[in-house]
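**Q** One file: input00.cif (mmCIF, C-alpha atoms).
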```cif
data_run
loop_
_atom_site.label_atom_id
_atom_site.label_comp_id
_atom_site.auth_asym_id
_atom_site.auth_seq_id
_atom_site.Cartn_x
_atom_site.Cartn_y
_atom_site.Cartn_z
CA MET A 1 -274.91 -89.30 -64.18
CA ILE A 2 -271.74 -87.27 -64.29
CA GLY A 3 -271.99 -84.26 -62.09
CA VAL A 4 -274.78 -85.56 -59.90
CA GLY A 5 -273.92 -84.91 -56.28
CA LYS A 6 -270.55 -83.49 -57.24
CA ILE A 7 -269.17 -80.79 -54.98
CA LYS A 8 -269.14 -77.46 -56.75
CA HIS A 9 -265.59 -76.40 -57.35
CA TYR A 10 -264.89 -72.74 -57.72
CA THR A 11 -262.41 -71.63 -60.31
CA ASN A 12 -261.56 -68.51 -58.43
CA LEU A 13 -260.39 -68.81 -54.84
CA LEU A 14 -262.05 -65.55 -53.91
CA GLU A 15 -265.47 -66.74 -54.99
CA LYS A 16 -265.34 -69.71 -52.67
CA PRO A 17 -267.59 -69.25 -49.64
CA LEU A 18 -265.71 -68.84 -46.40
CA SER A 19 -266.01 -72.05 -44.45
CA ARG A 20 -267.67 -71.82 -41.07
CA GLY A 21 -264.52 -71.80 -38.92
CA ARG A 22 -264.85 -75.42 -39.17
CA GLN A 23 -262.62 -77.46 -38.08
CA GLU A 24 -259.92 -78.57 -36.01
CA VAL A 25 -256.84 -80.62 -36.52
CA SER A 26 -255.07 -82.59 -33.87
CA LEU A 27 -252.74 -80.72 -31.58
CA SER A 28 -249.96 -83.11 -32.45
CA ALA A 29 -250.28 -82.33 -36.13
CA PHE A 30 -249.70 -78.69 -35.33
CA ALA A 31 -246.89 -79.54 -32.93
CA PHE A 32 -245.11 -81.66 -35.53
CA LEU A 33 -245.49 -78.97 -38.15
CA PHE A 34 -244.22 -76.30 -35.84
CA SER A 35 -241.24 -78.37 -34.81
CA GLU A 36 -240.27 -78.83 -38.45
CA LEU A 37 -240.61 -75.12 -38.99
CA VAL A 38 -238.26 -74.42 -36.10
CA GLN A 39 -235.79 -77.11 -37.17
CA TYR A 40 -235.69 -75.81 -40.72
CA ASN A 41 -235.07 -72.29 -39.53
CA GLN A 42 -232.31 -73.49 -37.25
CA THR A 43 -230.38 -74.60 -40.32
CA GLN A 44 -230.73 -71.19 -41.89
CA VAL A 45 -229.43 -69.01 -39.09
CA ASP A 46 -226.32 -68.59 -36.95
CA ASN A 47 -227.69 -67.33 -33.69
CA ILE A 48 -230.75 -67.25 -31.50
CA ALA A 49 -231.81 -63.69 -32.18
CA GLU A 50 -232.01 -64.39 -35.88
CA LEU A 51 -233.97 -67.57 -35.24
CA GLU A 52 -236.49 -65.69 -33.16
CA ARG A 53 -236.68 -63.03 -35.83
CA ARG A 54 -237.47 -65.59 -38.50
CA LEU A 55 -240.14 -67.20 -36.36
CA GLU A 56 -241.61 -63.81 -35.71
CA ASP A 57 -241.73 -63.09 -39.43
CA ALA A 58 -243.49 -66.36 -40.06
CA GLY A 59 -245.97 -65.56 -37.32
CA TYR A 60 -246.47 -62.10 -38.74
CA ALA A 61 -247.64 -63.55 -42.02
CA VAL A 62 -250.08 -65.74 -40.13
CA GLY A 63 -251.37 -62.86 -38.06
CA ALA A 64 -252.08 -60.65 -41.03
CA ARG A 65 -254.32 -63.33 -42.45
CA VAL A 66 -255.91 -64.29 -39.18
CA LEU A 67 -257.31 -60.79 -38.91
CA GLU A 68 -259.06 -61.15 -42.26
CA LEU A 69 -260.76 -64.27 -41.00
CA LEU A 70 -261.66 -62.79 -37.64
CA CYS A 71 -263.37 -59.88 -39.26
CA HIS A 72 -265.81 -62.23 -40.89
CA ARG A 73 -266.74 -64.25 -37.86
CA GLU A 74 -268.71 -63.55 -34.76
CA LYS A 75 -267.07 -64.45 -31.50
CA VAL A 76 -267.60 -63.86 -27.83
CA ALA A 77 -264.78 -61.81 -26.43
CA ASP A 78 -262.97 -62.79 -23.27
CA SER A 79 -260.63 -60.83 -21.08
CA LEU A 80 -257.18 -59.39 -21.14
CA GLU A 81 -254.54 -58.18 -18.80
CA LYS A 82 -253.16 -54.68 -18.85
CA GLY A 83 -249.57 -53.92 -17.93
CA THR A 84 -249.24 -51.72 -14.88
CA GLU A 85 -246.21 -49.68 -15.84
CA HIS A 86 -247.24 -48.01 -19.05
CA GLU A 87 -250.59 -46.98 -20.41
CA ASP A 88 -249.99 -48.55 -23.77
CA GLU A 89 -248.73 -51.97 -22.72
CA TYR A 90 -250.81 -55.12 -22.71
CA MET A 91 -249.96 -58.65 -21.81
CA ILE A 92 -251.37 -61.94 -22.86
CA SER A 93 -250.02 -64.67 -20.70
CA GLU A 94 -250.34 -68.37 -20.91
CA LYS A 95 -249.17 -71.04 -18.55
CA GLU A 96 -248.17 -73.46 -21.22
CA LEU A 97 -248.11 -71.79 -24.56
CA LEU A 98 -249.28 -74.02 -27.37
CA VAL A 99 -246.10 -73.72 -29.34
CA ASN A 100 -243.87 -74.27 -26.34
CA ARG A 101 -245.61 -77.34 -25.08
CA PHE A 102 -243.70 -79.83 -27.14
CA ILE A 103 -240.48 -77.96 -27.58
CA SER A 104 -237.54 -78.41 -25.29
CA ILE A 105 -234.77 -75.86 -25.35
CA PRO A 106 -231.24 -77.24 -25.18
CA LYS A 107 -229.02 -75.47 -22.65
CA ASP A 108 -226.83 -73.78 -25.21
CA MET A 109 -229.82 -72.00 -26.65
CA GLY A 110 -230.48 -70.31 -23.37
CA ALA A 111 -233.14 -67.71 -23.62
CA PHE A 112 -234.69 -68.75 -26.91
CA ASN A 113 -238.43 -68.75 -26.86
CA CYS A 114 -240.63 -70.23 -29.53
CA GLY A 115 -243.26 -67.83 -28.36
CA ALA A 116 -241.61 -65.53 -30.86
CA PHE A 117 -243.88 -67.16 -33.40
CA VAL A 118 -246.99 -66.25 -31.45
CA ALA A 119 -245.62 -62.78 -30.89
CA GLY A 120 -245.30 -62.50 -34.64
CA ILE A 121 -248.93 -63.53 -35.10
CA VAL A 122 -250.12 -60.88 -32.71
CA LYS A 123 -247.94 -58.28 -34.37
CA GLY A 124 -249.31 -59.26 -37.77
CA VAL A 125 -252.87 -58.89 -36.61
CA LEU A 126 -252.29 -55.51 -35.02
CA ASP A 127 -250.31 -54.15 -37.94
CA SER A 128 -252.97 -55.16 -40.42
CA ALA A 129 -255.62 -53.54 -38.31
CA GLY A 130 -253.68 -50.32 -38.35
CA PHE A 131 -252.28 -50.43 -34.80
CA PRO A 132 -248.55 -50.84 -35.11
CA ALA A 133 -246.97 -52.32 -32.04
CA VAL A 134 -243.83 -53.95 -30.79
CA VAL A 135 -244.65 -57.45 -29.64
CA THR A 136 -242.28 -59.70 -27.79
CA ALA A 137 -242.45 -62.99 -25.97
CA HIS A 138 -240.96 -63.50 -22.53
CA PHE A 139 -240.54 -66.26 -20.06
CA VAL A 140 -241.80 -65.38 -16.64
CA PRO A 141 -240.71 -67.81 -13.97
CA MET A 142 -243.49 -68.71 -11.60
CA GLU A 143 -243.08 -69.97 -8.10
CA GLY A 144 -244.18 -73.48 -7.53
CA GLN A 145 -244.30 -74.30 -11.23
CA GLN A 146 -241.64 -76.20 -13.08
CA ARG A 147 -242.03 -74.52 -16.39
CA PRO A 148 -242.10 -70.78 -16.68
CA ARG A 149 -245.14 -68.99 -17.90
CA THR A 150 -244.89 -67.31 -21.27
CA THR A 151 -246.04 -63.76 -21.64
CA ILE A 152 -246.62 -61.90 -24.85
CA LEU A 153 -245.93 -58.26 -24.24
CA ILE A 154 -247.56 -55.75 -26.53
CA LYS A 155 -246.41 -52.17 -26.59
CA PHE A 156 -248.38 -49.95 -28.88
CA ALA A 157 -246.69 -47.31 -30.96
CA GLU A 158 -247.37 -43.65 -30.25
CA GLU A 159 -249.98 -42.99 -32.88
CA ALA A 160 -252.27 -45.68 -31.61
CA ASN A 161 -253.13 -44.01 -28.36
CA ALA A 162 -256.47 -42.42 -28.94
CA ILE A 163 -259.27 -43.74 -26.78
CA GLU A 164 -261.12 -45.13 -29.76
CA ALA A 165 -258.01 -46.94 -30.88
CA CYS A 166 -257.62 -48.43 -27.41
CA MET A 167 -261.07 -49.88 -27.50
CA LEU A 168 -260.57 -51.57 -30.80
CA GLN A 169 -257.13 -52.78 -29.88
CA ARG A 170 -258.61 -54.45 -26.89
CA TYR A 171 -261.31 -56.10 -28.89
CA ILE A 172 -258.89 -57.33 -31.48
CA LEU A 173 -256.54 -58.70 -28.85
CA ASP A 174 -259.38 -60.60 -27.29
CA GLN A 175 -260.17 -62.19 -30.60
CA VAL A 176 -256.59 -63.05 -31.30
CA ALA A 177 -256.26 -64.71 -27.94
CA LEU A 178 -259.32 -66.75 -28.69
CA GLU A 179 -257.97 -67.82 -32.03
CA LEU A 180 -254.75 -68.93 -30.44
CA ASN A 181 -256.63 -70.93 -27.79
CA VAL A 182 -254.96 -68.89 -25.13
CA ASP A 183 -256.48 -68.78 -21.70
CA LEU A 184 -256.39 -65.26 -20.48
CA VAL A 185 -255.76 -64.17 -16.97
CA THR A 186 -258.51 -62.24 -15.31
CA GLN A 187 -257.55 -59.32 -13.24
CA THR A 188 -259.01 -56.58 -11.13
CA GLU A 189 -259.36 -54.19 -14.04
CA VAL A 190 -261.57 -56.68 -15.77
CA ALA A 191 -263.67 -57.08 -12.67
CA HIS A 192 -264.03 -53.33 -12.67
CA LEU A 193 -265.09 -53.41 -16.27
CA ARG A 194 -267.73 -55.98 -15.45
CA ASP A 195 -269.14 -53.66 -12.83
CA LEU A 196 -269.28 -50.93 -15.40
CA GLU A 197 -270.97 -53.28 -17.79
CA ASP A 198 -273.70 -53.90 -15.25
CA GLN A 199 -274.03 -50.22 -14.57
CA VAL A 200 -274.31 -49.44 -18.24
CA ALA A 201 -276.89 -52.14 -18.73
CA ALA A 202 -278.88 -50.72 -15.84
CA LYS A 203 -278.58 -47.21 -17.21
CA GLN A 204 -279.63 -48.30 -20.66
CA ILE A 205 -282.81 -49.64 -19.22
CA LYS A 206 -283.38 -46.25 -17.67
CA GLY A 207 -283.00 -44.70 -21.09
CA GLU A 208 -279.79 -42.74 -20.66
CA THR A 209 -277.71 -41.81 -23.60
CA GLN A 210 -274.61 -43.98 -23.39
CA VAL A 211 -275.33 -45.80 -26.58
CA GLU A 212 -275.91 -42.66 -28.60
CA THR A 213 -272.74 -40.92 -27.53
CA THR A 214 -270.63 -43.79 -28.71
CA GLY A 215 -272.23 -43.66 -32.13
CA GLY A 216 -269.87 -40.92 -33.20
CA LYS A 217 -266.94 -42.79 -31.78
CA GLU A 218 -267.87 -45.90 -33.72
CA GLN A 219 -267.68 -43.91 -36.92
CA LEU A 220 -264.27 -42.61 -36.00
CA ILE A 221 -263.13 -46.15 -35.42
CA SER A 222 -264.49 -47.17 -38.80
CA LYS A 223 -262.23 -44.76 -40.56
CA GLN A 224 -259.18 -46.29 -39.00
CA LEU A 225 -259.87 -49.80 -40.16
CA GLN A 226 -259.57 -51.17 -43.61
CA ASP A 227 -262.69 -53.27 -43.41
CA PRO A 228 -264.77 -51.44 -40.85
CA SER A 229 -268.26 -52.82 -41.11
CA HIS A 230 -267.35 -56.41 -40.52
CA VAL A 231 -265.55 -55.81 -37.28
CA LEU A 232 -268.32 -53.72 -35.87
CA GLU A 233 -271.02 -56.05 -37.06
CA GLY A 234 -269.24 -58.83 -35.31
CA LEU A 235 -269.48 -57.13 -31.95
CA ASN A 236 -271.96 -58.92 -29.79
CA MET A 237 -273.86 -57.23 -27.01
CA ARG A 238 -271.41 -58.06 -24.30
CA ALA A 239 -268.45 -56.74 -26.22
CA ARG A 240 -270.42 -53.64 -27.02
CA ALA A 241 -271.23 -53.09 -23.39
CA LYS A 242 -267.59 -53.53 -22.46
CA ILE A 243 -266.47 -50.96 -24.94
CA ILE A 244 -269.12 -48.52 -23.86
CA GLY A 245 -268.15 -49.17 -20.28
CA ARG A 246 -264.52 -48.46 -21.01
CA THR A 247 -265.30 -45.26 -22.81
CA ASN A 248 -267.17 -43.97 -19.84
CA TYR A 249 -264.41 -45.09 -17.56
CA GLU A 250 -261.85 -43.11 -19.52
CA VAL A 251 -263.97 -40.03 -19.97
CA SER A 252 -265.24 -39.73 -16.45
CA SER A 253 -261.89 -40.33 -14.73
CA MET Q 1 -252.17 -108.75 -21.74
CA ALA Q 2 -255.74 -108.32 -22.95
CA PRO Q 3 -256.06 -107.85 -26.68
CA LEU Q 4 -256.34 -104.17 -27.56
CA VAL Q 5 -259.40 -103.13 -29.51
CA PRO Q 6 -258.64 -100.79 -32.37
CA LYS Q 7 -260.49 -97.51 -32.04
CA SER Q 8 -262.18 -95.75 -34.89
CA GLY Q 9 -260.68 -92.59 -36.31
CA ASP Q 10 -263.57 -90.48 -35.09
CA ALA Q 11 -263.33 -91.74 -31.55
CA ILE Q 12 -259.64 -91.01 -31.35
CA PHE Q 13 -260.01 -87.59 -32.91
CA ALA Q 14 -262.66 -86.73 -30.36
CA SER Q 15 -260.48 -87.81 -27.48
CA ILE Q 16 -257.25 -86.00 -28.30
CA ASP Q 17 -256.40 -82.33 -27.95
CA ARG Q 18 -257.23 -80.26 -30.98
CA VAL Q 19 -256.34 -76.85 -32.29
CA ASN Q 20 -257.97 -74.46 -34.67
CA ALA Q 21 -257.43 -75.72 -38.21
CA GLU Q 22 -256.89 -72.20 -39.49
CA LEU Q 23 -253.88 -71.74 -37.29
CA PHE Q 24 -252.52 -74.97 -38.69
CA THR Q 25 -253.26 -73.98 -42.27
CA LEU Q 26 -251.75 -70.54 -41.91
CA THR Q 27 -248.65 -71.86 -40.18
CA TYR Q 28 -248.11 -74.32 -43.01
CA GLY Q 29 -248.56 -71.50 -45.48
CA ALA Q 30 -245.99 -69.40 -43.66
CA MET Q 31 -243.58 -72.31 -43.78
CA VAL Q 32 -244.03 -72.88 -47.51
CA ARG Q 33 -243.58 -69.18 -48.09
CA GLN Q 34 -240.34 -69.20 -46.14
CA LEU Q 35 -239.09 -72.13 -48.15
CA LEU Q 36 -239.94 -70.45 -51.41
CA THR Q 37 -238.15 -67.29 -50.38
CA ASP Q 38 -235.06 -69.14 -49.25
CA LEU Q 39 -234.78 -71.84 -51.85
CA GLU Q 40 -236.49 -70.24 -54.83
CA GLU Q 41 -236.44 -73.32 -57.07
CA VAL Q 42 -239.76 -75.16 -57.09
CA ASP Q 43 -238.15 -78.59 -57.35
CA VAL Q 44 -235.87 -77.92 -54.42
CA VAL Q 45 -238.83 -76.76 -52.36
CA ASN Q 46 -240.78 -79.89 -53.29
CA LYS Q 47 -237.88 -82.02 -52.12
CA GLN Q 48 -237.50 -80.05 -48.93
CA LEU Q 49 -241.19 -80.40 -48.13
CA ASP Q 50 -240.95 -84.12 -48.73
CA GLN Q 51 -237.94 -84.36 -46.45
CA MET Q 52 -239.69 -82.40 -43.72
CA GLY Q 53 -242.67 -84.64 -44.10
CA TYR Q 54 -240.41 -87.64 -43.78
CA ASN Q 55 -238.99 -86.31 -40.52
CA ILE Q 56 -242.48 -85.81 -39.20
CA GLY Q 57 -243.62 -89.23 -40.39
CA VAL Q 58 -240.96 -91.17 -38.54
CA ARG Q 59 -242.10 -89.63 -35.26
CA LEU Q 60 -245.77 -89.50 -36.05
CA ILE Q 61 -245.99 -93.27 -36.45
CA ASP Q 62 -245.15 -93.75 -32.77
CA GLU Q 63 -247.97 -91.55 -31.69
CA PHE Q 64 -250.28 -93.17 -34.17
CA LEU Q 65 -249.56 -96.67 -32.96
CA ALA Q 66 -249.83 -95.62 -29.34
CA LYS Q 67 -253.15 -93.89 -29.68
CA SER Q 68 -254.95 -96.04 -32.17
CA ASN Q 69 -254.30 -99.54 -30.86
CA VAL Q 70 -254.31 -101.02 -34.34
CA SER Q 71 -252.87 -104.45 -34.65
CA ARG Q 72 -250.28 -105.38 -37.23
CA CYS Q 73 -251.74 -105.06 -40.71
CA VAL Q 74 -252.19 -108.36 -42.47
CA ASP Q 75 -251.59 -107.00 -45.91
CA PHE Q 76 -251.03 -103.80 -47.78
CA LYS Q 77 -254.74 -103.37 -48.40
CA GLU Q 78 -255.36 -103.12 -44.71
CA THR Q 79 -252.54 -100.63 -44.41
CA ALA Q 80 -254.19 -98.45 -47.00
CA ASP Q 81 -257.51 -98.50 -45.18
CA VAL Q 82 -255.91 -97.74 -41.86
CA ILE Q 83 -254.08 -94.73 -43.29
CA ALA Q 84 -257.15 -93.36 -44.96
CA LYS Q 85 -259.71 -93.94 -42.23
CA VAL Q 86 -257.77 -93.77 -38.99
CA GLY Q 87 -254.49 -92.03 -39.60
CA LEU Q 88 -255.62 -89.05 -41.57
CA LYS Q 89 -258.68 -88.64 -39.41
CA MET Q 90 -256.64 -88.69 -36.25
CA PHE Q 91 -254.24 -85.99 -37.30
CA LEU Q 92 -255.96 -83.87 -39.88
CA GLY Q 93 -259.55 -84.50 -39.05
CA VAL Q 94 -260.42 -85.61 -42.57
CA THR Q 95 -260.86 -89.00 -44.15
CA ALA Q 96 -259.69 -90.12 -47.52
CA SER Q 97 -260.82 -92.90 -49.78
CA VAL Q 98 -258.73 -95.69 -51.21
CA SER Q 99 -259.13 -96.64 -54.86
CA ASN Q 100 -257.45 -97.81 -58.04
CA TRP Q 101 -255.70 -100.85 -56.73
CA ASP Q 102 -253.33 -102.35 -59.23
CA PRO Q 103 -253.68 -106.10 -60.00
CA GLU Q 104 -250.84 -107.18 -57.69
CA GLY Q 105 -252.17 -105.15 -54.81
CA SER Q 106 -248.92 -103.26 -54.41
CA SER Q 107 -250.08 -99.78 -55.16
CA PHE Q 108 -253.19 -97.75 -54.51
CA SER Q 109 -254.55 -94.27 -54.77
CA LEU Q 110 -255.43 -92.20 -51.76
CA VAL Q 111 -258.04 -89.62 -52.65
CA LEU Q 112 -258.70 -86.59 -50.46
CA ASP Q 113 -261.65 -84.32 -51.08
CA ASP Q 114 -260.94 -82.12 -48.15
CA ASN Q 115 -257.49 -80.98 -47.20
CA PRO Q 116 -256.89 -78.57 -44.33
CA LEU Q 117 -253.42 -77.72 -45.58
CA VAL Q 118 -254.73 -75.91 -48.62
CA ASP Q 119 -257.54 -73.74 -47.33
CA PHE Q 120 -257.31 -70.24 -48.75
CA VAL Q 121 -254.46 -71.19 -51.06
CA GLU Q 122 -254.04 -70.35 -54.69
CA LEU Q 123 -250.88 -70.98 -56.67
CA PRO Q 124 -249.54 -68.10 -58.73
CA ASP Q 125 -248.32 -68.79 -62.25
CA THR Q 126 -244.66 -68.67 -61.31
CA PHE Q 127 -245.03 -71.62 -58.95
CA GLN Q 128 -247.18 -73.91 -60.98
CA GLY Q 129 -244.78 -76.80 -60.54
CA LEU Q 130 -245.06 -76.66 -56.77
CA HIS Q 131 -246.64 -79.58 -54.97
CA TYR Q 132 -247.98 -77.52 -52.13
CA CYS Q 133 -248.97 -80.48 -49.97
CA ASN Q 134 -245.84 -82.45 -50.59
CA ILE Q 135 -245.34 -82.65 -46.87
CA LEU Q 136 -248.16 -85.19 -46.82
CA SER Q 137 -246.37 -87.55 -49.14
CA GLY Q 138 -243.29 -87.30 -46.94
CA VAL Q 139 -245.29 -88.02 -43.80
CA ILE Q 140 -246.82 -91.16 -45.25
CA ARG Q 141 -243.52 -92.33 -46.65
CA GLY Q 142 -241.71 -91.79 -43.36
CA ALA Q 143 -244.41 -93.43 -41.29
CA LEU Q 144 -244.58 -96.50 -43.51
CA GLU Q 145 -240.83 -96.86 -43.59
CA MET Q 146 -240.83 -97.11 -39.82
CA VAL Q 147 -243.17 -100.06 -40.07
CA SER Q 148 -240.95 -101.85 -42.55
CA MET Q 149 -242.53 -100.75 -45.78
CA LYS Q 150 -240.51 -98.87 -48.32
CA THR Q 151 -242.81 -96.88 -50.55
CA GLU Q 152 -242.78 -94.40 -53.35
CA ILE Q 153 -245.40 -91.70 -53.38
CA THR Q 154 -246.40 -89.44 -56.24
CA TRP Q 155 -249.12 -86.90 -56.82
CA ILE Q 156 -251.65 -87.73 -59.46
CA ARG Q 157 -254.23 -85.02 -58.94
CA ASP Q 158 -253.84 -81.70 -57.22
CA MET Q 159 -256.69 -79.27 -56.64
CA LEU Q 160 -254.35 -76.33 -56.76
CA HIS Q 161 -253.52 -77.30 -60.31
CA GLY Q 162 -257.16 -77.35 -61.30
CA ASP Q 163 -258.14 -80.93 -60.56
CA ASP Q 164 -261.18 -81.85 -58.51
CA ALA Q 165 -259.50 -83.70 -55.67
CA TYR Q 166 -256.12 -84.61 -54.24
CA GLU Q 167 -254.87 -87.98 -55.31
CA LEU Q 168 -251.72 -89.61 -54.08
CA ARG Q 169 -250.37 -92.77 -55.60
CA VAL Q 170 -248.73 -94.96 -52.98
CA LYS Q 171 -246.58 -97.75 -54.32
CA LEU Q 172 -245.05 -100.41 -52.15
CA LEU Q 173 -241.48 -101.00 -53.25
CA LYS Q 174 -240.54 -103.64 -50.74
CA GLN Q 175 -241.13 -104.92 -47.29
CA ILE Q 176 -238.01 -104.62 -45.20
CA PRO Q 177 -237.71 -107.35 -42.63
CA GLU Q 178 -236.97 -106.02 -39.18
CA GLU Q 179 -233.29 -105.99 -38.45
CA TYR Q 180 -231.92 -106.17 -35.01
CA PRO Q 181 -228.74 -104.30 -34.23
CA TYR Q 182 -227.20 -107.29 -32.54
CA LYS Q 183 -226.88 -110.96 -33.33
CA ASP Q 184 -228.27 -113.54 -30.96
CA ASP Q 185 -225.42 -115.97 -31.20
CA GLU Q 186 -222.57 -113.58 -30.56
#
```
Would you mind writing the structure in this file as structure tokens?
**A**
Amino acid sequence: MIGVGKIKHYTNLLEKPLSRGRQEVSLSAFAFLFSELVQYNQTQVDNIAELERRLEDAGYAVGARVLELLCHREKVADSLEKGTEHEDEYMISEKELLVNRFISIPKDMGAFNCGAFVAGIVKGVLDSAGFPAVVTAHFVPMEGQQRPRTTILIKFAEEANAIEACMLQRYILDQVALELNVDLVTQTEVAHLRDLEDQVAAKQIKGETQVETTGGKEQLISKQLQDPSHVLEGLNMRARAKIIGRTNYEVSS
Amino acid sequence: MAPLVPKSGDAIFASIDRVNAELFTLTYGAMVRQLLTDLEEVDVVNKQLDQMGYNIGVRLIDEFLAKSNVSRCVDFKETADVIAKVGLKMFLGVTASVSNWDPEGSSFSLVLDDNPLVDFVELPDTFQGLHYCNILSGVIRGALEMVSMKTEITWIRDMLHGDDAYELRVKLLKQIPEEYPYKDDE
């Protein structure tokens, strides 16, 4: 009877099937773990900047791996805010960032923000996808709210500015935000994109060539990624329409 | 005050806030990696993980008691069941089984088939002595110490070392009677 009903154990980690994005753990488990991480790092550094740096490095390692997982899963994309000053800046903002919820900053630590960890995650994801960026976390005080909002500011490096790159960056950022359970702020640009989406859908029914023209662009995007097919396969119809919509927006304006 | 009814692990887990387990797993991995880079020695890292777990455990027990409404455990056997069925479920979303009680009833084995801490992890040859999930043993030790039980916890089986499950041996060393920081008659 030995072996009956036994779970198959794989000798090689890589042969193990990827679990279906199972599960969840309690928020407090994560909060406790994160607090220990911060406390441990506090003992290893002398000042705040170094502490943030270390958290960012830890987050970076997480982000690099998160991307691997995202590429193998299908998800519905949400929305994202674009910075108004520069073309290549994006912001993800959250009222009460997960990592900051249970952390209180003593006065002598001033401007320290545990969001540095999340910033590191985002940076890790983008770097692994081939879109190097500078990612930082900021507190943005909000009127009428006790605790400031945390914003993750993403500034893409020069080489990542091609239109195709922008589309993928956007998609990836959406996914990252989803993974981090971040609620994204909707904004007029997104509303505009939705209009475009509807227009595209209408035009597709009429048989116009939007879909074909982006075929070439999709191939270009593929070359930039390390594991191209998975990301593109994962795109659902809505995300596809958004990307097509954005392309047209860029090209026609 | 009406008697509180203890809730099942599943019910509590469904009612609390949850996060993506992968984020949790990857964060733990990043932490272990940092420790290995800083401390280098596997034994030192094991100790550090245990200590961190202890720090978590002493605070975790408060939340556990608050959310689960369990009454005082009558004996150590009940404690074991509560840890395996309610505690682990509430925080990690997995249950464990209790087995291998010794004749006096002072030590038992906690067996985990599923462990969110170790998803996607493989130990390289240079770190074979590492108890990757040592934080768990610290958490349990810390939590139990806060409810007057001094325990010693060791790893018997570890999937990362090739075994088929995770087995922790929990041994009760002594029950510490509650001490008050003041004397009544002074």
**Q** Can you turn the PyMOL selection byres ((chain A) within 6 of (chain Q)) into a concrete residue list for this file, as a PyMOL selection string?
**A** chain A and resi 23-27+29-30+58+62
**Q** Selection in question (the file shown): the PyMOL selection byres ((chain Q and resi 151) around 12). Which residues does it include, as a PDB file with C-alpha atoms, keeping the file's coordinate frame?
**A**
```pdb
ATOM      1  CA  TYR Q  54    -240.410 -87.640 -43.780  1.00  0.00           C
ATOM      2  CA  PHE Q  76    -251.030-103.800 -47.780  1.00  0.00           C
ATOM      3  CA  SER Q 106    -248.920-103.260 -54.410  1.00  0.00           C
ATOM      4  CA  SER Q 107    -250.080 -99.780 -55.160  1.00  0.00           C
ATOM      5  CA  PHE Q 108    -253.190 -97.750 -54.510  1.00  0.00           C
ATOM      6  CA  SER Q 137    -246.370 -87.550 -49.140  1.00  0.00           C
ATOM      7  CA  GLY Q 138    -243.290 -87.300 -46.940  1.00  0.00           C
ATOM      8  CA  VAL Q 139    -245.290 -88.020 -43.800  1.00  0.00           C
ATOM      9  CA  ILE Q 140    -246.820 -91.160 -45.250  1.00  0.00           C
ATOM     10  CA  ARG Q 141    -243.520 -92.330 -46.650  1.00  0.00           C
ATOM     11  CA  GLY Q 142    -241.710 -91.790 -43.360  1.00  0.00           C
ATOM     12  CA  ALA Q 143    -244.410 -93.430 -41.290  1.00  0.00           C
ATOM     13  CA  LEU Q 144    -244.580 -96.500 -43.510  1.00  0.00           C
ATOM     14  CA  GLU Q 145    -240.830 -96.860 -43.590  1.00  0.00           C
ATOM     15  CA  MET Q 146    -240.830 -97.110 -39.820  1.00  0.00           C
ATOM     16  CA  VAL Q 147    -243.170-100.060 -40.070  1.00  0.00           C
ATOM     17  CA  SER Q 148    -240.950-101.850 -42.550  1.00  0.00           C
ATOM     18  CA  MET Q 149    -242.530-100.750 -45.780  1.00  0.00           C
ATOM     19  CA  LYS Q 150    -240.510 -98.870 -48.320  1.00  0.00           C
ATOM     20  CA  GLU Q 152    -242.780 -94.400 -53.350  1.00  0.00           C
ATOM     21  CA  ILE Q 153    -245.400 -91.700 -53.380  1.00  0.00           C
ATOM     22  CA  THR Q 154    -246.400 -89.440 -56.240  1.00  0.00           C
ATOM     23  CA  ARG Q 169    -250.370 -92.770 -55.600  1.00  0.00           C
ATOM     24  CA  VAL Q 170    -248.730 -94.960 -52.980  1.00  0.00           C
ATOM     25  CA  LYS Q 171    -246.580 -97.750 -54.320  1.00  0.00           C
ATOM     26  CA  LEU Q 172    -245.050-100.410 -52.150  1.00  0.00           C
ATOM     27  CA  LEU Q 173    -241.480-101.000 -53.250  1.00  0.00           C
ATOM     28  CA  LYS Q 174    -240.540-103.640 -50.740  1.00  0.00           C
ATOM     29  CA  GLN Q 175    -241.130-104.920 -47.290  1.00  0.00           C
ATOM     30  CA  ILE Q 176    -238.010-104.620 -45.200  1.00  0.00           C
TER      31      ILE Q 176
END
```
**Q** Could you jot down the atom CA of Tyr132 of chain Q to atom CA of Val44 of chain Q separation for me, Å, one decimal place?
**A**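 That distance, rounded to one decimal, is 12.3 Å.
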**Q** Can you report as AutoDock Vina command-line options the centre and edge lengths in Å, to one decimal, of an axis-aligned box around the listed atoms of segment 10-29 of chain Q padded with 5 Å on each side?
**A**
```
--center_x -255.8 --center_y -81.1 --center_z -36.5 --size_x 25.5 --size_y 31.2 --size_z 28.0
```
**Q** Which residue, Q:Glu41, Q:Asp10, Q:Asp62, Q:Asp114, has the smallest gap to Gln128 of chain Q when you use all atoms listed in the file?
**A** Q:Glu41
**Q** Take atom CA of Tyr60 of chain A and atom CA of Thr43 of chain A and report the distance between them in Å, one decimal.
**A**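 Between atom CA of Tyr60 of chain A and atom CA of Thr43 of chain A the gap is 20.4 Å.
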**Q** One number please: atom CA of Thr151 of chain A to atom CA of His138 of chain A, in Å, one decimal.
**A**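 Atom CA of His138 of chain A lies at a distance of 5.2 Å from atom CA of Thr151 of chain A.
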**Q** Dig up all the protein and nucleic acid residues within 6 Å of (-240.7, -78.3, -56.0) in the file frame, using all atoms listed in the file, and format them as a PyMOL selection string.
**A** chain Q and resi 42-46+130
